[in-house]
Amino acid sequence: LPRHRNHATHGAHGSQQKPKNQLKELHQRIAIYEAFTPQSRSWPEWDFGDGSQGTTEAAECFEWLRLMPMTESLKKYFGFSEFRPLQREIVEAVLAKNDIFALMPTGAGKSLCFQLPAAMLPGITLVISPLIALMKDQVDALNATGIPATFLNSSLESREISDRVRRLRGGEYKLLYIAPERFPVPGFLQFLSELNVSLCVVDEAHCISEWGHDFRADYRNLHVLRDPFPTAPIMA
């Protein structure tokens with residue numbers, strides 16, 4: 001807001017007068033902005049009180065407001081002040097409930113692209129991951145940042161699995177990591193359908209390729225996610 005103040009402070013004799021209703025106007029315009037997509041760029045006109053229209057300034061201000069929850073969560077959970085290339089666009093698309101296929105190199109920050117939305121969305125995010133060690137590393141890191149996460153795999157004893165299932169039903173976790181081989185287990189899909197699933201993530205999606213050295217046959221069966229969670233976006 002401070003960077004736009006000069007545009008909105010015009011007096012009759014050159015003196016600056018702060019508009020009393022600037023903040024109220026801004027909140028009203030936020031509601032209007034929600035009806036517009038970033039692609040359309042059909043921004044509402046901003047009347048600065050002196051007869052001029054500030055479409056560009058309004059657009060920049062609304063863009064900052066729209067991104068504020070994302071950047072605040074980015075700083076809060078991950079300690080970063082800005083996104084790396086493509087991360088912001090991917091996170092925005094997920095929060096808009098779009099299905100996503102993201103192809104990024106090693107070290108580009110792919111995990112953040114689904115972990116940040118998982119922290120912001122209601123309910124829980126399912127993450128299909130091929131390796132037990134990878135699950136544990138990511139779950140440990142998430143819990144350390146304040147994002148409650150867990151996994152279910154063959155490394156756990158039945159008592160521990162029962163405890164985590166109970167806590168999952170109680171809504172205590174934001175992310176659940178599971179292997180693709182767990183879906184054929186009788187009753188597992190029924191259990192997942194009892195949870196408030198807001199996002200499904202297929203991590204290491206290259207494992208679907210039978211020509212690759214990391215091929216996992218059960219990756220071919222992940223279409224079963226669509227029926228029980230028709231409104232949840234799917235990321236690969």
# chains A, B, ... in the order shown; residues from 1 in each chain; ligands from 1
>>> select_by_dssp(residues="stretch 80-227 of chain A", states="alpha helix (DSSP H)", output="VMD selection string")
chain A and resid 87 to 95 110 to 120 132 to 145 158 to 169 188 to 193
>>> select_by_dssp(residues="stretch 71-225 of chain A", states="strand (DSSP E or B)", output="PyMOL selection string")
chain A and resi 100+124-128+149-152+175-178+197-202
>>> closest_atom_pairs(of="stretch 112-168 of chain A", to="stretch 187-207 of chain A", cutoff="12 Å", atoms="only C-alpha atoms", output="Markdown table")
| residue | atom | partner | partner_atom | distance |
| --- | --- | --- | --- | --- |
| A:Leu112 | CA | A:Asp203 | CA | 11.6 |
| A:Cys113 | CA | A:Val201 | CA | 10.1 |
| A:Phe114 | CA | A:Val201 | CA | 7.2 |
| A:Gln115 | CA | A:Val201 | CA | 9.7 |
| A:Leu116 | CA | A:Leu199 | CA | 11.5 |
| A:Pro117 | CA | A:Leu199 | CA | 8.6 |
| A:Ala118 | CA | A:Leu199 | CA | 7.3 |
| A:Ala119 | CA | A:Ser198 | CA | 10.8 |
| A:Met120 | CA | A:Ser198 | CA | 10.4 |
| A:Leu121 | CA | A:Ser198 | CA | 6.9 |
| A:Pro122 | CA | A:Ser198 | CA | 6.6 |
| A:Gly123 | CA | A:Asn196 | CA | 4.9 |
| A:Ile124 | CA | A:Val197 | CA | 4.9 |
| A:Thr125 | CA | A:Leu199 | CA | 4.7 |
| A:Leu126 | CA | A:Cys200 | CA | 4.8 |
| A:Val127 | CA | A:Val201 | CA | 4.7 |
| A:Ile128 | CA | A:Val202 | CA | 4.9 |
| A:Ser129 | CA | A:Asp203 | CA | 5.4 |
| A:Pro130 | CA | A:Glu204 | CA | 7.2 |
| A:Leu131 | CA | A:Glu204 | CA | 9.5 |
| A:Leu134 | CA | A:Asp203 | CA | 10.3 |
| A:Met135 | CA | A:Asp203 | CA | 10.3 |
| A:Gln138 | CA | A:Asp203 | CA | 11.6 |
| A:Leu152 | CA | A:Phe188 | CA | 11.0 |
| A:Val165 | CA | A:Phe191 | CA | 8.8 |
| A:Arg166 | CA | A:Phe191 | CA | 10.8 |
| A:Arg167 | CA | A:Leu195 | CA | 10.8 |
| A:Leu168 | CA | A:Leu195 | CA | 7.5 |
>>> write_last_selection(atoms="C-alpha atoms", output="PDB file, in the first residue's frame")
ATOM      1  CA  LEU A 112       7.654 -27.536  -1.985  1.00  0.00           C
ATOM      2  CA  CYS A 113       5.202 -27.284  -4.879  1.00  0.00           C
ATOM      3  CA  PHE A 114       2.845 -29.712  -3.120  1.00  0.00           C
ATOM      4  CA  GLN A 115       3.942 -29.302   0.493  1.00  0.00           C
ATOM      5  CA  LEU A 116       3.093 -25.595   0.588  1.00  0.00           C
ATOM      6  CA  PRO A 117      -0.438 -26.051  -0.823  1.00  0.00           C
ATOM      7  CA  ALA A 118      -0.917 -28.963   1.596  1.00  0.00           C
ATOM      8  CA  ALA A 119      -0.225 -26.613   4.488  1.00  0.00           C
ATOM      9  CA  MET A 120      -2.651 -24.007   3.124  1.00  0.00           C
ATOM     10  CA  LEU A 121      -5.544 -26.203   1.980  1.00  0.00           C
ATOM     11  CA  PRO A 122      -8.154 -27.618   4.345  1.00  0.00           C
ATOM     12  CA  GLY A 123      -8.095 -31.339   4.991  1.00  0.00           C
ATOM     13  CA  ILE A 124      -5.269 -33.696   4.113  1.00  0.00           C
ATOM     14  CA  THR A 125      -2.981 -34.239   1.121  1.00  0.00           C
ATOM     15  CA  LEU A 126      -2.190 -37.765  -0.079  1.00  0.00           C
ATOM     16  CA  VAL A 127       1.356 -38.247  -1.365  1.00  0.00           C
ATOM     17  CA  ILE A 128       2.176 -41.420  -3.281  1.00  0.00           C
ATOM     18  CA  SER A 129       5.896 -42.024  -2.872  1.00  0.00           C
ATOM     19  CA  PRO A 130       7.930 -45.046  -4.034  1.00  0.00           C
ATOM     20  CA  LEU A 131      10.603 -45.239  -1.323  1.00  0.00           C
ATOM     21  CA  LEU A 134      12.155 -40.837   1.016  1.00  0.00           C
ATOM     22  CA  MET A 135       8.873 -40.874   2.936  1.00  0.00           C
ATOM     23  CA  GLN A 138      10.167 -35.765   4.001  1.00  0.00           C
ATOM     24  CA  LEU A 152       1.936 -45.654   6.386  1.00  0.00           C
ATOM     25  CA  VAL A 165      -4.955 -44.389  11.436  1.00  0.00           C
ATOM     26  CA  ARG A 166      -6.789 -43.147  14.524  1.00  0.00           C
ATOM     27  CA  ARG A 167      -5.007 -39.797  14.350  1.00  0.00           C
ATOM     28  CA  LEU A 168      -5.669 -39.555  10.609  1.00  0.00           C
TER      29      LEU A 168
END
>>> atom_distance(atom1="atom CA of A:Leu176", atom2="atom CA of A:Trp211")
28.5 Å
>>> atom_distance(atom1="atom CA of A:Ile100", atom2="atom CA of A:Pro233")
7.6 Å
>>> residues_around(residues="A:Arg84", least_positions_apart="4", cutoff="12 Å", atoms="only C-alpha atoms", output="VMD selection string")
chain A and resid 71 74 80 88 to 91 104 107 to 110 112 to 113
>>> closest_residue(among="A:Thr106, A:Lys136, A:Leu225, A:Thr145", to="A:Lys75", atoms="only C-alpha atoms")
A:Thr145
>>> closest_residue(among="A:Thr150, A:Asn98, A:Asp214, A:Leu156", to="A:Gly171", atoms="only C-alpha atoms")
A:Thr150
>>> atom_distance(atom1="atom CA of A:Ile161", atom2="atom CA of A:Asn143")
17.8 Å
>>> residues_around(residues="A:Lys97", least_positions_apart="4", cutoff="9 Å", atoms="only C-alpha atoms", output="NGL selection string")
:A and (92-93 or 199 or 231-234)
>>> decode(residues="stretch 127-171 of chain A", atoms="N, CA and C atoms", output="compact mmCIF listing (two decimals), in the first residue's frame")
# COMPACT_ATOMS: atom_id res chain seq x y z
N VAL A 127 0.13 -38.26 -0.56
CA VAL A 127 1.36 -38.25 -1.36
C VAL A 127 1.76 -39.69 -1.64
N ILE A 128 1.73 -40.08 -2.91
CA ILE A 128 2.18 -41.42 -3.28
C ILE A 128 3.67 -41.34 -3.56
N SER A 129 4.44 -42.08 -2.78
CA SER A 129 5.90 -42.02 -2.87
C SER A 129 6.44 -43.44 -2.98
N PRO A 130 7.48 -43.68 -3.78
CA PRO A 130 7.93 -45.05 -4.03
C PRO A 130 8.90 -45.62 -3.01
N LEU A 131 9.52 -44.76 -2.19
CA LEU A 131 10.60 -45.24 -1.32
C LEU A 131 10.32 -44.93 0.14
N ILE A 132 10.53 -45.93 1.00
CA ILE A 132 10.31 -45.75 2.44
C ILE A 132 11.24 -44.68 3.00
N ALA A 133 12.51 -44.72 2.58
CA ALA A 133 13.48 -43.75 3.09
C ALA A 133 13.09 -42.33 2.70
N LEU A 134 12.58 -42.16 1.48
CA LEU A 134 12.15 -40.84 1.02
C LEU A 134 10.96 -40.34 1.83
N MET A 135 10.02 -41.25 2.10
CA MET A 135 8.87 -40.87 2.94
C MET A 135 9.33 -40.37 4.29
N LYS A 136 10.20 -41.13 4.94
CA LYS A 136 10.64 -40.77 6.29
C LYS A 136 11.38 -39.43 6.29
N ASP A 137 12.25 -39.22 5.31
CA ASP A 137 13.00 -37.97 5.25
C ASP A 137 12.05 -36.78 5.12
N GLN A 138 11.07 -36.89 4.22
CA GLN A 138 10.17 -35.77 4.00
C GLN A 138 9.22 -35.55 5.18
N VAL A 139 8.75 -36.63 5.78
CA VAL A 139 7.87 -36.50 6.93
C VAL A 139 8.62 -35.86 8.10
N ASP A 140 9.85 -36.30 8.35
CA ASP A 140 10.64 -35.71 9.43
C ASP A 140 10.87 -34.22 9.19
N ALA A 141 11.18 -33.86 7.94
CA ALA A 141 11.43 -32.45 7.62
C ALA A 141 10.16 -31.61 7.78
N LEU A 142 9.02 -32.16 7.35
CA LEU A 142 7.76 -31.42 7.47
C LEU A 142 7.38 -31.19 8.93
N ASN A 143 7.49 -32.22 9.74
CA ASN A 143 7.16 -32.07 11.16
C ASN A 143 8.09 -31.06 11.83
N ALA A 144 9.33 -30.99 11.38
CA ALA A 144 10.27 -30.04 11.94
C ALA A 144 9.89 -28.60 11.59
N THR A 145 9.22 -28.41 10.46
CA THR A 145 8.81 -27.06 10.06
C THR A 145 7.45 -26.67 10.63
N GLY A 146 6.78 -27.60 11.30
CA GLY A 146 5.48 -27.29 11.88
C GLY A 146 4.30 -27.75 11.05
N ILE A 147 4.55 -28.53 10.01
CA ILE A 147 3.47 -29.09 9.19
C ILE A 147 3.31 -30.55 9.57
N PRO A 148 2.21 -30.93 10.26
CA PRO A 148 2.06 -32.32 10.72
C PRO A 148 1.88 -33.29 9.56
N ALA A 149 2.75 -34.28 9.51
CA ALA A 149 2.73 -35.25 8.41
C ALA A 149 3.04 -36.64 8.97
N THR A 150 2.63 -37.67 8.24
CA THR A 150 2.91 -39.04 8.65
C THR A 150 2.97 -39.93 7.41
N PHE A 151 3.34 -41.19 7.63
CA PHE A 151 3.36 -42.15 6.53
C PHE A 151 2.82 -43.48 7.05
N LEU A 152 2.35 -44.29 6.11
CA LEU A 152 1.94 -45.65 6.39
C LEU A 152 2.69 -46.56 5.42
N ASN A 153 3.52 -47.44 5.96
CA ASN A 153 4.24 -48.38 5.11
C ASN A 153 4.64 -49.61 5.92
N SER A 154 5.33 -50.53 5.25
CA SER A 154 5.65 -51.82 5.85
C SER A 154 6.69 -51.73 6.95
N SER A 155 7.30 -50.57 7.16
CA SER A 155 8.30 -50.44 8.23
C SER A 155 7.65 -50.30 9.61
N LEU A 156 6.34 -50.10 9.63
CA LEU A 156 5.64 -49.86 10.89
C LEU A 156 5.00 -51.14 11.42
N GLU A 157 4.99 -51.29 12.74
CA GLU A 157 4.28 -52.39 13.37
C GLU A 157 2.78 -52.09 13.40
N SER A 158 1.99 -53.13 13.56
CA SER A 158 0.54 -52.97 13.48
C SER A 158 0.01 -51.99 14.52
N ARG A 159 0.61 -51.96 15.71
CA ARG A 159 0.15 -51.04 16.75
C ARG A 159 0.38 -49.60 16.32
N GLU A 160 1.53 -49.33 15.73
CA GLU A 160 1.83 -47.97 15.27
C GLU A 160 0.91 -47.57 14.12
N ILE A 161 0.63 -48.50 13.22
CA ILE A 161 -0.28 -48.21 12.11
C ILE A 161 -1.67 -47.86 12.66
N SER A 162 -2.14 -48.63 13.64
CA SER A 162 -3.47 -48.37 14.22
C SER A 162 -3.52 -46.99 14.86
N ASP A 163 -2.44 -46.61 15.53
CA ASP A 163 -2.40 -45.29 16.17
C ASP A 163 -2.44 -44.17 15.13
N ARG A 164 -1.69 -44.36 14.04
CA ARG A 164 -1.67 -43.32 13.01
C ARG A 164 -3.01 -43.25 12.27
N VAL A 165 -3.64 -44.38 12.07
CA VAL A 165 -4.96 -44.39 11.44
C VAL A 165 -5.95 -43.63 12.31
N ARG A 166 -5.89 -43.86 13.61
CA ARG A 166 -6.79 -43.15 14.52
C ARG A 166 -6.57 -41.64 14.44
N ARG A 167 -5.32 -41.22 14.41
CA ARG A 167 -5.01 -39.80 14.35
C ARG A 167 -5.36 -39.21 12.98
N LEU A 168 -5.24 -40.02 11.93
CA LEU A 168 -5.67 -39.55 10.61
C LEU A 168 -7.17 -39.29 10.59
N ARG A 169 -7.93 -40.20 11.17
CA ARG A 169 -9.38 -40.00 11.24
C ARG A 169 -9.73 -38.77 12.07
N GLY A 170 -8.86 -38.45 13.02
CA GLY A 170 -9.11 -37.27 13.86
C GLY A 170 -8.65 -35.97 13.23
N GLY A 171 -8.10 -36.03 12.02
CA GLY A 171 -7.69 -34.82 11.32
C GLY A 171 -6.43 -34.18 11.86
